Amino acid sequence: MRILHTSDWHLGRSFHREDLLGHQGAFIDHLLEVVESERVDVVVVSGDVYDRALPHVDAVTLADEAFSRLAASRARVVVSSGNHDSARRLGFGSRLMDAAGVFVRTDASTVGTPVVLGDRHGDVAIHAIPYLDPSALLHPWGLGHRSHEAALSEAMTRVRADLAARPPSTRSVVLAHAFVAGATPSESERDISVGGVSRVATSVFDGIHYTALGHLHGPHVLSDALRYSGSPLAYSFSEADQAKGTWLVELDATGVSSATWISAPVPRRLSRITGTLTQLLEDASLADVEQHWVQATLTDERRPARAMEQLRRRFPHTLVLQFPTPPAEPPEPTRPATGTSDHTIALDFVRHVRGSAATDAETALLQEAVDACCHDPDQDVLVGAPSRRAGEAT
(Lines give C-alpha, C1' and ligand atoms only; values in the text may rest on other atoms or scores of the structure.)
Protein backbone atom coordinates (compact mmCIF):
# COMPACT_ATOMS: atom_id res chain seq x y z
CA MET A 1 0.00 0.00 0.00
CA ARG A 2 1.32 3.42 -1.02
CA ILE A 3 0.30 6.22 1.35
CA LEU A 4 0.74 9.94 0.65
CA HIS A 5 1.06 11.78 3.98
CA THR A 6 0.10 15.46 4.03
CA SER A 7 -1.26 17.86 6.65
CA ASP A 8 -1.85 21.48 7.62
CA TRP A 9 -3.31 22.78 4.39
CA HIS A 10 -4.77 25.82 6.21
CA LEU A 11 -7.06 26.63 3.31
CA GLY A 12 -8.04 30.30 3.36
CA ARG A 13 -4.92 31.51 5.15
CA SER A 14 -3.16 34.68 4.00
CA PHE A 15 0.50 35.57 4.34
CA HIS A 16 0.98 39.09 5.68
CA ARG A 17 -2.25 40.01 3.82
CA GLU A 18 -1.16 38.29 0.61
CA ASP A 19 -3.92 35.97 -0.65
CA LEU A 20 -2.64 32.38 -0.85
CA LEU A 21 -5.75 30.64 -2.16
CA GLY A 22 -4.36 30.43 -5.70
CA HIS A 23 -1.11 28.93 -4.39
CA GLN A 24 -3.09 26.46 -2.27
CA GLY A 25 -5.05 25.48 -5.37
CA ALA A 26 -1.76 24.86 -7.19
CA PHE A 27 -0.75 22.50 -4.37
CA ILE A 28 -4.00 20.56 -4.79
CA ASP A 29 -3.22 20.22 -8.52
CA HIS A 30 0.25 18.94 -7.57
CA LEU A 31 -1.27 16.48 -5.09
CA LEU A 32 -3.50 14.97 -7.77
CA GLU A 33 -0.54 14.66 -10.14
CA VAL A 34 1.45 12.79 -7.48
CA VAL A 35 -1.47 10.45 -6.82
CA GLU A 36 -1.45 9.39 -10.47
CA SER A 37 2.28 9.44 -11.17
CA GLU A 38 3.22 7.57 -7.98
CA ARG A 39 0.25 5.19 -7.99
CA VAL A 40 -0.89 6.34 -4.55
CA ASP A 41 -3.50 4.16 -2.85
CA VAL A 42 -4.35 6.37 0.14
CA VAL A 43 -3.98 10.09 0.83
CA VAL A 44 -3.97 10.96 4.54
CA VAL A 45 -4.50 14.52 5.80
CA SER A 46 -3.49 14.90 9.45
CA GLY A 47 -5.54 17.91 10.48
CA ASP A 48 -5.95 21.64 9.82
CA VAL A 49 -7.69 21.41 6.50
CA TYR A 50 -8.91 24.97 7.12
CA ASP A 51 -7.16 27.89 8.76
CA ARG A 52 -10.07 28.82 10.98
CA ALA A 53 -13.24 27.39 12.43
CA LEU A 54 -15.40 29.61 10.19
CA PRO A 55 -13.57 29.35 6.86
CA HIS A 56 -14.18 31.78 4.03
CA VAL A 57 -16.55 30.53 1.35
CA ASP A 58 -13.71 30.41 -1.20
CA ALA A 59 -11.71 28.13 1.11
CA VAL A 60 -14.72 25.82 1.46
CA THR A 61 -15.09 25.77 -2.32
CA LEU A 62 -11.43 24.77 -2.72
CA ALA A 63 -11.76 22.01 -0.09
CA ASP A 64 -14.88 20.70 -1.84
CA GLU A 65 -13.04 20.67 -5.16
CA ALA A 66 -10.01 18.94 -3.61
CA PHE A 67 -12.03 16.15 -2.00
CA SER A 68 -14.19 15.69 -5.10
CA ARG A 69 -11.14 15.34 -7.33
CA LEU A 70 -9.45 12.96 -4.89
CA ALA A 71 -12.63 10.88 -4.67
CA ALA A 72 -12.56 10.53 -8.46
CA SER A 73 -8.88 9.54 -8.46
CA ARG A 74 -7.31 6.13 -7.87
CA ALA A 75 -6.77 6.94 -4.16
CA ARG A 76 -8.89 6.69 -1.05
CA VAL A 77 -8.70 9.64 1.35
CA VAL A 78 -8.58 9.67 5.16
CA VAL A 79 -8.84 13.06 6.90
CA SER A 80 -8.73 14.07 10.56
CA SER A 81 -9.52 17.47 12.04
CA GLY A 82 -6.91 19.79 13.55
CA ASN A 83 -6.98 22.52 16.18
CA HIS A 84 -7.77 25.17 13.53
CA ASP A 85 -10.76 23.25 12.18
CA SER A 86 -14.29 23.26 13.47
CA ALA A 87 -14.87 19.55 14.06
CA ARG A 88 -18.61 19.82 13.42
CA ARG A 89 -18.28 21.86 10.24
CA LEU A 90 -15.46 19.81 8.75
CA GLY A 91 -17.28 16.61 9.71
CA PHE A 92 -20.57 17.60 8.11
CA GLY A 93 -21.67 14.93 5.64
CA SER A 94 -18.89 12.55 6.66
CA ARG A 95 -21.18 9.49 6.56
CA LEU A 96 -22.17 10.35 3.02
CA MET A 97 -18.54 10.98 2.02
CA ASP A 98 -17.55 7.52 3.29
CA ALA A 99 -19.42 6.05 0.35
CA ALA A 100 -17.25 8.09 -2.03
CA GLY A 101 -14.01 6.89 -0.44
CA VAL A 102 -13.34 10.10 1.49
CA PHE A 103 -13.26 9.27 5.20
CA VAL A 104 -13.41 12.38 7.42
CA ARG A 105 -13.01 11.81 11.14
CA THR A 106 -13.62 14.74 13.51
CA ASP A 107 -15.48 13.27 16.51
CA ALA A 108 -13.63 11.96 19.58
CA SER A 109 -16.31 9.28 19.96
CA THR A 110 -14.97 7.60 16.79
CA VAL A 111 -11.49 7.08 18.27
CA GLY A 112 -10.75 3.36 18.21
CA THR A 113 -12.85 2.71 15.12
CA PRO A 114 -10.56 2.60 12.07
CA VAL A 115 -10.96 2.89 8.35
CA VAL A 116 -9.97 -0.58 7.14
CA LEU A 117 -8.47 -0.89 3.66
CA GLY A 118 -6.76 -3.85 2.07
CA ASP A 119 -3.86 -4.75 -0.19
CA ARG A 120 -2.32 -8.04 -1.29
CA HIS A 121 -0.76 -8.49 2.16
CA GLY A 122 -4.06 -8.13 4.03
CA ASP A 123 -5.76 -5.37 6.02
CA VAL A 124 -4.45 -1.93 6.94
CA ALA A 125 -6.32 -0.33 9.85
CA ILE A 126 -6.11 3.47 9.61
CA HIS A 127 -7.01 5.20 12.87
CA ALA A 128 -7.64 8.90 12.21
CA ILE A 129 -7.51 10.62 15.61
CA PRO A 130 -9.01 14.12 15.47
CA TYR A 131 -7.47 16.95 17.47
CA LEU A 132 -8.34 16.21 21.10
CA ASP A 133 -9.03 19.06 23.52
CA PRO A 134 -7.87 17.83 26.95
CA SER A 135 -10.23 20.23 28.74
CA ALA A 136 -13.29 18.87 26.92
CA LEU A 137 -12.27 15.24 27.49
CA LEU A 138 -10.99 15.52 31.07
CA HIS A 139 -14.19 14.17 32.65
CA PRO A 140 -15.82 12.20 29.77
CA TRP A 141 -12.63 10.17 29.30
CA GLY A 142 -11.55 10.23 32.95
CA LEU A 143 -8.10 11.51 32.07
CA GLY A 144 -6.94 12.19 35.60
CA HIS A 145 -5.05 15.31 34.55
CA ARG A 146 -5.40 17.86 31.80
CA SER A 147 -2.70 17.47 29.15
CA HIS A 148 -2.35 16.51 25.52
CA GLU A 149 -0.31 13.48 26.43
CA ALA A 150 -3.08 12.24 28.72
CA ALA A 151 -5.69 12.67 25.97
CA LEU A 152 -3.60 11.00 23.28
CA SER A 153 -2.55 8.20 25.62
CA GLU A 154 -6.20 7.37 26.25
CA ALA A 155 -6.88 7.57 22.51
CA MET A 156 -4.02 5.17 21.80
CA THR A 157 -5.33 2.79 24.48
CA ARG A 158 -8.54 2.59 22.43
CA VAL A 159 -6.58 2.19 19.20
CA ARG A 160 -4.51 -0.66 20.63
CA ALA A 161 -7.62 -2.38 21.98
CA ASP A 162 -9.04 -2.39 18.46
CA LEU A 163 -5.79 -3.65 16.93
CA ALA A 164 -5.51 -6.42 19.52
CA ALA A 165 -8.82 -7.83 18.29
CA ARG A 166 -7.64 -7.98 14.68
CA PRO A 167 -5.50 -10.60 12.93
CA PRO A 168 -1.76 -10.27 13.71
CA SER A 169 -1.09 -9.58 10.03
CA THR A 170 -3.04 -6.30 10.21
CA ARG A 171 -0.84 -3.27 9.67
CA SER A 172 -1.62 -0.10 11.62
CA VAL A 173 -1.58 3.56 10.56
CA VAL A 174 -2.43 6.43 12.94
CA LEU A 175 -3.16 10.07 12.12
CA ALA A 176 -2.58 12.48 15.02
CA HIS A 177 -2.50 16.26 15.33
CA ALA A 178 -0.15 17.15 18.18
CA PHE A 179 3.20 18.60 19.26
CA VAL A 180 5.38 15.52 19.68
CA ALA A 181 8.65 15.81 21.62
CA GLY A 182 11.75 16.00 19.47
CA ALA A 183 10.25 18.23 16.78
CA THR A 184 10.81 21.99 16.39
CA PRO A 185 7.92 24.46 16.04
CA SER A 186 7.86 27.57 13.86
CA GLU A 187 6.07 30.89 14.38
CA SER A 188 2.91 30.07 12.45
CA GLU A 189 1.41 27.24 14.51
CA ARG A 190 -1.26 28.17 17.02
CA ASP A 191 -0.21 27.39 20.59
CA ILE A 192 -2.08 24.35 21.91
CA SER A 193 -0.50 24.30 25.36
CA VAL A 194 -2.79 23.46 28.25
CA GLY A 195 -1.41 24.80 31.50
CA GLY A 196 2.02 24.75 29.85
CA VAL A 197 1.69 21.08 28.92
CA SER A 198 1.57 20.65 25.15
CA ARG A 199 4.26 18.11 24.25
CA VAL A 200 3.53 14.44 23.74
CA ALA A 201 6.17 11.72 24.15
CA THR A 202 7.05 9.68 21.07
CA SER A 203 6.47 6.53 23.13
CA VAL A 204 2.72 7.20 23.00
CA PHE A 205 2.82 5.84 19.43
CA ASP A 206 5.04 2.81 20.08
CA GLY A 207 4.08 -0.31 18.17
CA ILE A 208 2.24 1.49 15.34
CA HIS A 209 3.54 0.65 11.88
CA TYR A 210 3.25 4.28 10.70
CA THR A 211 2.12 7.47 12.45
CA ALA A 212 1.30 10.44 10.20
CA LEU A 213 1.63 13.56 12.35
CA GLY A 214 0.19 17.01 11.80
CA HIS A 215 0.33 20.42 13.54
CA LEU A 216 3.97 21.45 13.07
CA HIS A 217 4.66 23.17 9.76
CA GLY A 218 8.14 21.79 9.10
CA PRO A 219 8.85 18.18 8.05
CA HIS A 220 10.37 16.05 10.80
CA VAL A 221 11.53 12.46 10.95
CA LEU A 222 11.27 11.34 14.57
CA SER A 223 11.71 7.71 13.51
CA ASP A 224 11.11 5.68 10.36
CA ALA A 225 7.56 5.10 11.56
CA LEU A 226 6.87 8.56 13.05
CA ARG A 227 6.96 11.64 10.81
CA TYR A 228 5.58 15.12 10.24
CA SER A 229 4.90 16.13 6.65
CA GLY A 230 4.55 19.82 7.55
CA SER A 231 2.46 22.39 5.71
CA PRO A 232 2.47 22.54 1.90
CA LEU A 233 3.25 26.28 1.92
CA ALA A 234 5.26 28.55 4.20
CA TYR A 235 3.02 30.49 6.55
CA SER A 236 5.67 32.56 8.39
CA PHE A 237 9.16 33.87 7.67
CA SER A 238 10.47 31.42 10.28
CA GLU A 239 9.72 28.74 7.66
CA ALA A 240 11.94 30.37 5.01
CA ASP A 241 14.45 27.51 5.12
CA GLN A 242 11.97 24.65 5.49
CA ALA A 243 11.32 22.10 2.76
CA LYS A 244 7.67 21.81 1.77
CA GLY A 245 6.02 18.67 0.45
CA THR A 246 4.62 15.27 1.36
CA TRP A 247 5.85 11.83 2.42
CA LEU A 248 5.21 8.90 0.11
CA VAL A 249 5.21 5.91 2.45
CA GLU A 250 5.05 2.32 1.24
CA LEU A 251 3.87 -0.51 3.47
CA ASP A 252 4.85 -4.10 2.85
CA ALA A 253 3.73 -7.16 4.81
CA THR A 254 5.61 -6.12 7.97
CA GLY A 255 5.36 -2.30 8.01
CA VAL A 256 7.15 0.64 6.40
CA SER A 257 9.39 -0.53 3.57
CA SER A 258 10.25 2.95 2.24
CA ALA A 259 9.49 6.65 2.74
CA THR A 260 10.24 9.14 -0.04
CA TRP A 261 10.04 12.92 0.19
CA ILE A 262 8.00 14.54 -2.62
CA SER A 263 8.72 18.27 -2.89
CA ALA A 264 5.79 20.62 -3.39
CA PRO A 265 5.84 23.54 -5.85
CA VAL A 266 7.10 26.82 -4.35
CA PRO A 267 5.04 29.73 -5.72
CA ARG A 268 7.32 32.42 -4.31
CA ARG A 269 10.33 31.93 -2.07
CA LEU A 270 10.86 33.68 1.26
CA SER A 271 13.98 35.60 2.22
CA ARG A 272 15.10 37.44 5.33
CA ILE A 273 17.66 40.19 4.70
CA THR A 274 19.51 42.40 7.18
CA GLY A 275 21.61 45.54 6.80
CA THR A 276 21.42 49.29 6.47
CA LEU A 277 19.01 50.62 3.89
CA THR A 278 21.89 51.65 1.63
CA GLN A 279 23.49 48.20 1.89
CA LEU A 280 20.25 46.42 0.98
CA LEU A 281 19.59 48.70 -1.98
CA GLU A 282 23.12 48.40 -3.38
CA ASP A 283 24.26 44.84 -2.50
CA ALA A 284 24.61 42.99 -5.82
CA SER A 285 24.50 39.60 -4.07
CA LEU A 286 20.82 40.20 -3.24
CA ALA A 287 19.76 40.14 -6.90
CA ASP A 288 18.47 36.57 -6.48
CA VAL A 289 15.94 37.59 -3.83
CA GLU A 290 14.44 40.57 -5.63
CA GLN A 291 11.30 38.61 -6.57
CA HIS A 292 11.01 36.79 -3.22
CA TRP A 293 8.68 37.67 -0.39
CA VAL A 294 11.05 39.66 1.82
CA GLN A 295 11.39 40.37 5.52
CA ALA A 296 13.87 43.23 5.90
CA THR A 297 15.63 44.17 9.12
CA LEU A 298 17.25 47.61 8.95
CA THR A 299 20.29 48.28 11.12
CA ASP A 300 20.58 52.03 10.42
CA GLU A 301 21.41 54.09 13.50
CA ARG A 302 18.49 56.37 12.64
CA ARG A 303 15.34 55.07 11.00
CA PRO A 304 15.39 56.16 7.34
CA ALA A 305 12.47 58.09 5.95
CA ARG A 306 10.18 56.19 3.53
CA ALA A 307 12.22 53.01 4.05
CA MET A 308 9.49 50.62 2.87
CA GLU A 309 8.86 52.70 -0.24
CA GLN A 310 12.55 52.61 -1.13
CA LEU A 311 12.90 48.89 -0.42
CA ARG A 312 9.94 48.03 -2.62
CA ARG A 313 11.54 49.75 -5.59
CA ARG A 314 14.14 46.97 -5.58
CA PHE A 315 12.23 44.24 -3.69
CA PRO A 316 8.60 44.76 -4.79
CA HIS A 317 7.34 41.90 -2.61
CA THR A 318 8.71 43.21 0.69
CA LEU A 319 6.09 42.35 3.30
CA VAL A 320 7.79 43.02 6.64
CA LEU A 321 10.04 45.89 7.68
CA GLN A 322 11.53 45.69 11.15
CA PHE A 323 14.33 47.04 13.29
CA PRO A 324 16.54 45.17 15.77
CA THR A 325 15.18 45.02 19.30
CA PRO A 326 17.31 47.10 21.68
CA PRO A 327 19.40 44.89 23.97
CA ALA A 328 17.71 46.32 27.05
CA GLU A 329 15.02 48.81 27.92
CA PRO A 330 16.45 52.29 28.55
CA PRO A 331 16.07 53.59 32.10
CA GLU A 332 12.93 55.49 32.94
CA PRO A 333 13.32 59.19 32.11
CA THR A 334 13.46 61.62 35.01
CA ARG A 335 10.54 63.95 35.55
CA PRO A 336 11.19 67.28 33.77
CA ALA A 337 12.02 70.18 36.03
CA THR A 338 9.47 72.94 36.51
CA GLY A 339 9.80 75.47 33.73
CA THR A 340 11.06 73.01 31.11
CA SER A 341 9.58 73.91 27.73
CA ASP A 342 7.44 71.49 25.73
CA HIS A 343 10.03 71.55 22.96
CA THR A 344 12.78 70.45 25.34
CA ILE A 345 10.54 67.68 26.75
CA ALA A 346 9.90 66.41 23.20
CA LEU A 347 13.62 66.42 22.41
CA ASP A 348 14.37 64.56 25.66
CA PHE A 349 11.74 61.96 24.70
CA VAL A 350 13.39 61.36 21.31
CA ARG A 351 16.77 60.93 22.98
CA HIS A 352 15.29 58.51 25.55
CA VAL A 353 13.48 56.30 23.02
CA ARG A 354 16.07 56.29 20.24
CA GLY A 355 19.25 56.61 22.25
CA SER A 356 20.46 59.55 20.17
CA ALA A 357 19.58 63.21 19.83
CA ALA A 358 17.14 64.56 17.25
CA THR A 359 18.64 65.93 14.06
CA ASP A 360 18.44 69.63 13.21
CA ALA A 361 15.55 68.94 10.83
CA GLU A 362 13.70 66.89 13.48
CA THR A 363 14.34 69.62 16.07
CA ALA A 364 12.80 72.23 13.80
CA LEU A 365 9.83 69.97 12.98
CA LEU A 366 9.15 69.35 16.67
CA GLN A 367 9.28 73.11 17.30
CA GLU A 368 6.65 73.63 14.59
CA ALA A 369 4.48 70.93 16.16
CA VAL A 370 4.78 72.42 19.63
CA ASP A 371 4.00 75.91 18.31
CA ALA A 372 0.96 74.58 16.42
CA CYS A 373 -0.60 72.65 19.27
CA CYS A 374 0.17 75.25 21.93
CA HIS A 375 -1.15 78.33 20.09
CA ASP A 376 -3.83 80.13 22.14
CA PRO A 377 -5.64 82.88 20.18
CA ASP A 378 -6.86 84.45 23.43
CA GLN A 379 -3.24 85.22 24.27
CA ASP A 380 -2.52 87.03 20.98
CA VAL A 381 -3.31 90.38 22.61
CA LEU A 382 -0.82 89.77 25.36
CA VAL A 383 2.57 90.81 24.16
CA GLY A 384 5.32 88.71 25.68
CA ALA A 385 2.86 86.31 27.39
CA PRO A 386 4.79 83.43 29.03
CA SER A 387 4.75 80.07 27.22
CA ARG A 388 3.02 77.04 28.78
CA ARG A 389 5.24 75.10 31.14
CA ALA A 390 5.64 71.41 31.91
CA GLY A 391 2.81 70.05 34.01
CA GLU A 392 0.13 72.44 32.63
CA ALA A 393 -2.81 71.07 30.65
CA THR A 394 -2.17 70.35 26.97
# chains A, B, ... in the order shown; residues from 1 in each chain; ligands from 1
call {"tool": "residues_around", "arguments": {"residues": "Ala161 (chain A)", "least_positions_apart": "2", "cutoff": "12 Å", "atoms": "only C-alpha atoms", "output": "JSON, numbers by chain"}}
result
{"A": [111, 112, 113, 114, 127, 154, 155, 156, 157, 158, 159, 163, 164, 165, 166]}
call {"tool": "write_last_selection", "arguments": {"atoms": "all heavy atoms", "output": "tab-separated table (two decimals), in the first residue's frame"}}
result
chain	number	residue	atom	x	y	z
A	111	VAL	N	-12.85	7.56	18.01
A	111	VAL	CA	-11.49	7.08	18.27
A	111	VAL	C	-11.54	5.60	18.66
A	111	VAL	O	-12.31	5.21	19.54
A	111	VAL	CB	-10.82	7.91	19.37
A	111	VAL	CG1	-9.48	7.29	19.77
A	111	VAL	CG2	-10.61	9.34	18.91
A	112	GLY	N	-10.74	4.80	17.99
A	112	GLY	CA	-10.75	3.36	18.21
A	112	GLY	C	-11.49	2.60	17.13
A	112	GLY	O	-11.43	1.37	17.09
A	113	THR	N	-12.16	3.33	16.24
A	113	THR	CA	-12.85	2.71	15.12
A	113	THR	C	-12.13	3.11	13.84
A	113	THR	O	-12.21	4.27	13.42
A	113	THR	CB	-14.32	3.16	15.04
A	113	THR	OG1	-14.97	2.84	16.27
A	113	THR	CG2	-15.04	2.47	13.89
A	114	PRO	N	-11.41	2.22	13.20
A	114	PRO	CA	-10.56	2.60	12.07
A	114	PRO	C	-11.28	2.54	10.73
A	114	PRO	O	-12.36	1.96	10.60
A	114	PRO	CB	-9.46	1.55	12.11
A	114	PRO	CG	-10.18	0.31	12.58
A	114	PRO	CD	-11.22	0.79	13.56
A	127	HIS	N	-6.33	4.52	11.77
A	127	HIS	CA	-7.01	5.20	12.87
A	127	HIS	C	-6.75	6.70	12.76
A	127	HIS	O	-5.63	7.16	13.02
A	127	HIS	CB	-6.50	4.68	14.21
A	127	HIS	CG	-7.04	3.34	14.58
A	127	HIS	ND1	-8.20	3.16	15.30
A	127	HIS	CD2	-6.57	2.09	14.31
A	127	HIS	CE1	-8.43	1.87	15.48
A	127	HIS	NE2	-7.46	1.19	14.89
A	154	GLU	N	-4.90	8.06	26.17
A	154	GLU	CA	-6.20	7.37	26.25
A	154	GLU	C	-6.68	7.00	24.85
A	154	GLU	O	-7.22	5.90	24.63
A	154	GLU	CB	-7.22	8.27	26.94
A	154	GLU	CG	-8.65	7.73	26.92
A	154	GLU	CD	-8.81	6.37	27.57
A	154	GLU	OE1	-7.99	6.02	28.45
A	154	GLU	OE2	-9.76	5.64	27.20
A	155	ALA	N	-6.48	7.89	23.88
A	155	ALA	CA	-6.88	7.57	22.51
A	155	ALA	C	-6.12	6.36	22.00
A	155	ALA	O	-6.70	5.45	21.37
A	155	ALA	CB	-6.63	8.78	21.60
A	156	MET	N	-4.82	6.30	22.27
A	156	MET	CA	-4.02	5.17	21.80
A	156	MET	C	-4.36	3.88	22.55
A	156	MET	O	-4.20	2.78	22.00
A	156	MET	CB	-2.54	5.50	21.93
A	156	MET	CG	-2.05	6.56	20.95
A	156	MET	SD	-2.41	6.16	19.23
A	156	MET	CE	-1.48	4.63	19.03
A	157	THR	N	-4.84	3.99	23.78
A	157	THR	CA	-5.33	2.79	24.48
A	157	THR	C	-6.50	2.20	23.71
A	157	THR	O	-6.61	0.97	23.54
A	157	THR	CB	-5.76	3.16	25.91
A	157	THR	OG1	-4.60	3.59	26.64
A	157	THR	CG2	-6.38	1.96	26.62
A	158	ARG	N	-7.38	3.05	23.21
A	158	ARG	CA	-8.54	2.59	22.43
A	158	ARG	C	-8.09	2.04	21.08
A	158	ARG	O	-8.66	1.06	20.59
A	158	ARG	CB	-9.53	3.75	22.27
A	158	ARG	CG	-10.04	4.27	23.61
A	158	ARG	CD	-11.00	5.43	23.48
A	158	ARG	NE	-11.40	5.88	24.81
A	158	ARG	CZ	-12.58	6.45	25.09
A	158	ARG	NH1	-13.47	6.65	24.12
A	158	ARG	NH2	-12.86	6.83	26.32
A	159	VAL	N	-7.10	2.68	20.48
A	159	VAL	CA	-6.58	2.19	19.20
A	159	VAL	C	-5.97	0.80	19.38
A	159	VAL	O	-6.24	-0.13	18.60
A	159	VAL	CB	-5.53	3.17	18.64
A	159	VAL	CG1	-4.76	2.55	17.48
A	159	VAL	CG2	-6.20	4.47	18.19
A	163	LEU	N	-6.79	-2.88	17.67
A	163	LEU	CA	-5.79	-3.65	16.93
A	163	LEU	C	-5.59	-5.04	17.54
A	163	LEU	O	-5.34	-6.02	16.81
A	163	LEU	CB	-4.46	-2.90	16.88
A	163	LEU	CG	-4.47	-1.57	16.09
A	163	LEU	CD1	-3.15	-0.83	16.27
A	163	LEU	CD2	-4.74	-1.83	14.61
A	164	ALA	N	-5.71	-5.13	18.86
A	164	ALA	CA	-5.51	-6.42	19.52
A	164	ALA	C	-6.58	-7.43	19.12
A	164	ALA	O	-6.34	-8.65	19.19
A	164	ALA	CB	-5.52	-6.22	21.03
A	165	ALA	N	-7.74	-6.94	18.69
A	165	ALA	CA	-8.82	-7.83	18.29
A	165	ALA	C	-8.76	-8.21	16.82
A	165	ALA	O	-9.61	-8.97	16.35
A	165	ALA	CB	-10.16	-7.17	18.61
A	166	ARG	N	-7.76	-7.71	16.12
A	166	ARG	CA	-7.64	-7.98	14.68
A	166	ARG	C	-6.56	-9.03	14.43
A	166	ARG	O	-5.72	-9.29	15.29
A	166	ARG	CB	-7.33	-6.68	13.93
A	166	ARG	CG	-8.44	-5.67	14.05
A	166	ARG	CD	-8.21	-4.41	13.22
A	166	ARG	NE	-9.34	-3.50	13.40
A	166	ARG	CZ	-10.49	-3.61	12.73
A	166	ARG	NH1	-10.62	-4.55	11.81
A	166	ARG	NH2	-11.48	-2.78	12.96
call {"tool": "select_by_dssp", "arguments": {"residues": "region 50-104 of chain A", "states": "alpha helix (DSSP H)", "output": "PyMOL selection string"}}
result
chain A and resi 57-71+87-90+94-98
call {"tool": "residues_around", "arguments": {"residues": "region 202-204 of chain A", "least_positions_apart": "4", "cutoff": "9 Å", "atoms": "only C-alpha atoms", "output": "list in words"}}
result
Glu149, Leu152, Ser153, Met156, Val180, Ala181, Gly182, Leu222 and Leu226 of chain A
call {"tool": "write_last_selection", "arguments": {"atoms": "N, CA and C atoms", "output": "PDB file, in the first residue's frame"}}
result
ATOM      1  N   GLU A 149      -0.821  14.846  26.339  1.00  0.00           N
ATOM      2  CA  GLU A 149      -0.313  13.478  26.425  1.00  0.00           C
ATOM      3  C   GLU A 149      -1.342  12.556  27.072  1.00  0.00           C
ATOM      4  N   LEU A 152      -4.061  11.895  24.349  1.00  0.00           N
ATOM      5  CA  LEU A 152      -3.600  11.005  23.284  1.00  0.00           C
ATOM      6  C   LEU A 152      -3.268   9.613  23.809  1.00  0.00           C
ATOM      7  N   SER A 153      -2.815   9.516  25.047  1.00  0.00           N
ATOM      8  CA  SER A 153      -2.546   8.196  25.625  1.00  0.00           C
ATOM      9  C   SER A 153      -3.842   7.391  25.741  1.00  0.00           C
ATOM     10  N   MET A 156      -4.816   6.301  22.272  1.00  0.00           N
ATOM     11  CA  MET A 156      -4.020   5.172  21.805  1.00  0.00           C
ATOM     12  C   MET A 156      -4.358   3.881  22.547  1.00  0.00           C
ATOM     13  N   VAL A 180       4.667  16.687  19.152  1.00  0.00           N
ATOM     14  CA  VAL A 180       5.377  15.520  19.677  1.00  0.00           C
ATOM     15  C   VAL A 180       6.814  15.901  19.994  1.00  0.00           C
ATOM     16  N   ALA A 181       7.303  15.477  21.156  1.00  0.00           N
ATOM     17  CA  ALA A 181       8.649  15.809  21.622  1.00  0.00           C
ATOM     18  C   ALA A 181       9.689  15.399  20.588  1.00  0.00           C
ATOM     19  N   GLY A 182      10.688  16.268  20.424  1.00  0.00           N
ATOM     20  CA  GLY A 182      11.752  16.000  19.467  1.00  0.00           C
ATOM     21  C   GLY A 182      11.625  16.804  18.198  1.00  0.00           C
ATOM     22  N   LEU A 222      10.980  11.711  13.194  1.00  0.00           N
ATOM     23  CA  LEU A 222      11.270  11.341  14.573  1.00  0.00           C
ATOM     24  C   LEU A 222      11.698   9.880  14.659  1.00  0.00           C
ATOM     25  N   LEU A 226       7.497   7.412  12.385  1.00  0.00           N
ATOM     26  CA  LEU A 226       6.873   8.556  13.049  1.00  0.00           C
ATOM     27  C   LEU A 226       7.372   9.839  12.395  1.00  0.00           C
TER      28      LEU A 226
END
call {"tool": "closest_residue", "arguments": {"among": "A:Ile262, A:Ala59, A:Leu70, A:Leu365", "to": "Ser14 (chain A)", "atoms": "only C-alpha atoms"}}
result
A:Ala59
call {"tool": "residues_around", "arguments": {"residues": "His56 (chain A)", "least_positions_apart": "2", "cutoff": "12 Å", "atoms": "only C-alpha atoms", "output": "list in words"}}
result
His10, Leu11, Gly12, Arg13, Ser14, Leu21, Tyr50, Asp51, Arg52, Ala53, Leu54, Asp58, Ala59, Val60, Thr61, Leu62 and Ala63 of chain A
call {"tool": "residues_around", "arguments": {"residues": "Ile129 (chain A)", "least_positions_apart": "6", "cutoff": "9 Å", "atoms": "only C-alpha atoms", "output": "JSON, numbers by chain"}}
result
{"A": [46, 80, 81, 105, 106, 107, 108, 110, 111, 112, 152, 155, 156, 174, 175, 176, 177]}
call {"tool": "closest_residue", "arguments": {"among": "A:Leu132, A:Leu280, A:Leu366, A:Ala243", "to": "Arg313 (chain A)", "atoms": "only C-alpha atoms"}}
result
A:Leu280
call {"tool": "closest_residue", "arguments": {"among": "A:Val124, A:Ser7, A:His16, A:Val45", "to": "Gln295 (chain A)", "atoms": "only C-alpha atoms"}}
result
A:His16
call {"tool": "residues_around", "arguments": {"residues": "region 207-215 of chain A", "least_positions_apart": "3", "cutoff": "9 Å", "atoms": "only C-alpha atoms", "output": "PyMOL selection string"}}
result
chain A and resi 5-8+44-48+82-83+160+171-180+185+189-190+203+224-231+249+251+254-256
call {"tool": "closest_residue", "arguments": {"among": "A:Ala259, A:Ser147, A:Glu250, A:Arg268", "to": "Ala234 (chain A)", "atoms": "only C-alpha atoms"}}
result
A:Arg268
call {"tool": "atom_distance", "arguments": {"atom1": "CA of Asp133 (chain A)", "atom2": "CA of Phe67 (chain A)"}}
result
25.9 Å
call {"tool": "select_by_dssp", "arguments": {"residues": "region 213-317 of chain A", "states": "strand (DSSP E or B)", "output": "PyMOL selection string"}}
result
chain A and resi 213-214+220-223+226-228+245-251+256-263+270-275+293-298
call {"tool": "closest_residue", "arguments": {"among": "A:Ala75, A:Ala128, A:Val115, A:Val294", "to": "Pro316 (chain A)", "atoms": "only C-alpha atoms"}}
result
A:Val294
call {"tool": "atom_distance", "arguments": {"atom1": "CA of Val353 (chain A)", "atom2": "CA of Arg312 (chain A)"}}
result
27.2 Å
call {"tool": "residues_around", "arguments": {"residues": "His30 (chain A)", "least_positions_apart": "6", "cutoff": "10 Å", "atoms": "only C-alpha atoms", "output": "list in words"}}
result
Gln24, Gly245, Ser263, Ala264 and Pro265 of chain A
call {"tool": "atom_distance", "arguments": {"atom1": "CA of Leu4 (chain A)", "atom2": "CA of His148 (chain A)"}}
result
25.9 Å
call {"tool": "closest_residue", "arguments": {"among": "A:Val102, A:Leu96, A:Ala72, A:Leu311", "to": "Glu282 (chain A)", "atoms": "only C-alpha atoms"}}
result
A:Leu311
